[in-house]
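Scroll down for the structure; my scribbles are underneath it.
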Amino acid sequence: MFRRLRIGIDLGGTKIELVALDESGNVLRRRRRPTPQGDYLATIRVVTELVAAAEDDLGGRGSVGIGIPGTESVAAGHIKNANSTCLIGRPLRDDLQRLLQREVRLANDANCFALSEAIDGAGRGAEVVFGVILGTGVGGGIVVNQRVLTGVNRIAGEWGHNPLPSAEEEGLPPPACYCGRSGCVETWLSGPALSLDHWRHHGESLTAEAVGARAGAGDLAANASLQRYERRLAKALAQVINILDPDVIVLGGGLSNLERLYRSVPMLWTAHVFSDEVRTRLLPNVHGDSSGVRGAAWLWDEA
């Protein structure tokens with residue numbers, strides 16, 4: 001029997017991942033290939049090869065949704081704001097629709113993450129979900145009633161490129177960001193930012209994961225670095241709560257594995273939220289690093 005599939009692609013900077021779901025959302029196939037570095041044509045060729053192989057093996061044809069580390073320009077339809085720079089200025093949707101011979105839906109990878117968690121993850125049943133990626137970069141996505149909110153400029157949720165609130169309290173010059181600005185939330189809250197902050201204060205070069213592990217083992221310097229990180233994260237998320245007032249904030253990315261964040265940050269953000277009570281829940285993701293690709297597949301459940 002010919003199967004109806006829902007195919008999602010996570011087009012990341014280091015890997016391209018495919019997932020194929022059945023109509024109920026069950027995973028039928030998952031495959032990963034390395035991302036061809038700096039090669040746009042090779043990148044879209046890998047995407048088409050993954051889709052063709054999945055459909056051949058599963059005996060079906062699927063809708064295709066793709067999560068990308070950027071967004072489409074409203075004016076030109078080309079990719080903008082992508083940290084995978086070979087995509088910038090390229091008509092990615094048009095090229096893939098031509099090669100795959102069907103309509104393709106694109107969304108920012110943070111939007112895909114938020115959608116996956118809103119449908120059947122940590123935010124299931126919530127009206128408004130804000131999904132946060134705390135990894136090599138920092139991103140955000142907004143889902144309302146299980147529908148991605150993209151905005152008129154297609155930049156809704158781009159929380160990582162707002163300035164950190166009250167950054168002057170940090171006592172350090174604002175770090176430069178790849179976007180051309182300085183002091184963006186991403187420059188304070190990404191994994192590399194935590195590593196750099198630890199080095200600037202304590203003169204020790206550690207990965208973000210190592211800082212977390214040492215803090216858990218009782219290292220005072222690492223614990224101080226995490227306390228600074230938690231204070232900054234609380235201020236930045238309080239700004240989101242004041243504007244969006246979400247039911248749930250779901251954390252993803254490598255730093256979402258720091259269990260202490262879910263205890264400490266809600267206690268810290270109350271000082272910055274314009275309310276006498278904060279009911280917003282801060283939760284870890286359910287689907288791990290597969291949330292983004294699953295959310296891309298779910299783009300086709302949106303009318």
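All residue names refer to the structure tokens as shown: chains lettered A, B, ... in order, residues numbered from 1 in each chain, ligands numbered from 1 in order.
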I'd like to know which residues of range 61-162 of chain A are strand (DSSP E) (by DSSP, run on the backbone); could you write them as a PyMOL selection string?
chain A and resi 61-68+71-72+79-80+104-108+128-134+138-144+147-148
Go through range 50-282 of chain A and collect every residue that DSSP, computed from the backbone, puts in alpha helix (DSSP H); the answer should be as a ChimeraX atom specification.
/A:50-58,92-100,109-120,185-189,191-202,208-216,220-244,261-269
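Minimum atom-to-atom distance to Leu28 in chain A, evaluated using only C-alpha atoms, belongs to A:Glu55 out of A:Glu49, A:Asp247, A:Asp10, A:Glu55.
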Which residue is closest to Phe130 in chain A? Choose from A:Glu117, A:Glu72, A:Asp39, A:Asp276 and count only C-alpha atoms.
A:Glu117
Pick from A:Leu196, A:Leu96, A:Val74, A:Ala221 nearest to Thr43 in chain A, counting only C-alpha atoms
A:Leu96
Do a neighbour search on Gly157 in chain A at 12 Å with only C-alpha atoms, toss out local chain neighbours closer than 4 positions, and write the hits as a count of residues only.
33
Residue neighbourhood range 204-219 of chain A, 12 Å, only C-alpha atoms, exclusion window fewer than 3 positions, as number ranges by chain
A: 134-136, 189-201, 222-227, 229-230, 253-261
A:Glu277, A:Glu103, A:Asp301, A:Asp57: which is nearest Arg3 in chain A, counting only C-alpha atoms?
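So, comparing all the options, the nearest one is A:Asp57.
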Measure the distance from CA of Tyr40 in chain A to CA of Leu100 in chain A in Å and round it to one decimal.
16.1 Å
Kindly indicate which residue among A:Thr48, A:Asn242, A:Ser63, A:Ser84 lies nearest to Leu21 in chain A, using only C-alpha atoms for the distances.
A:Ser63
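Checking A:Val64, A:Ile155, A:Val46, A:Val273 one by one against Gly295 in chain A, counting only C-alpha atoms, you find the shortest gap at A:Val64.
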Could you work out how far CA of Lys15 in chain A lies from CA of Arg90 in chain A, giving the answer in Å with one decimal?
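CA of Arg90 in chain A sits 19.0 Å away from CA of Lys15 in chain A.
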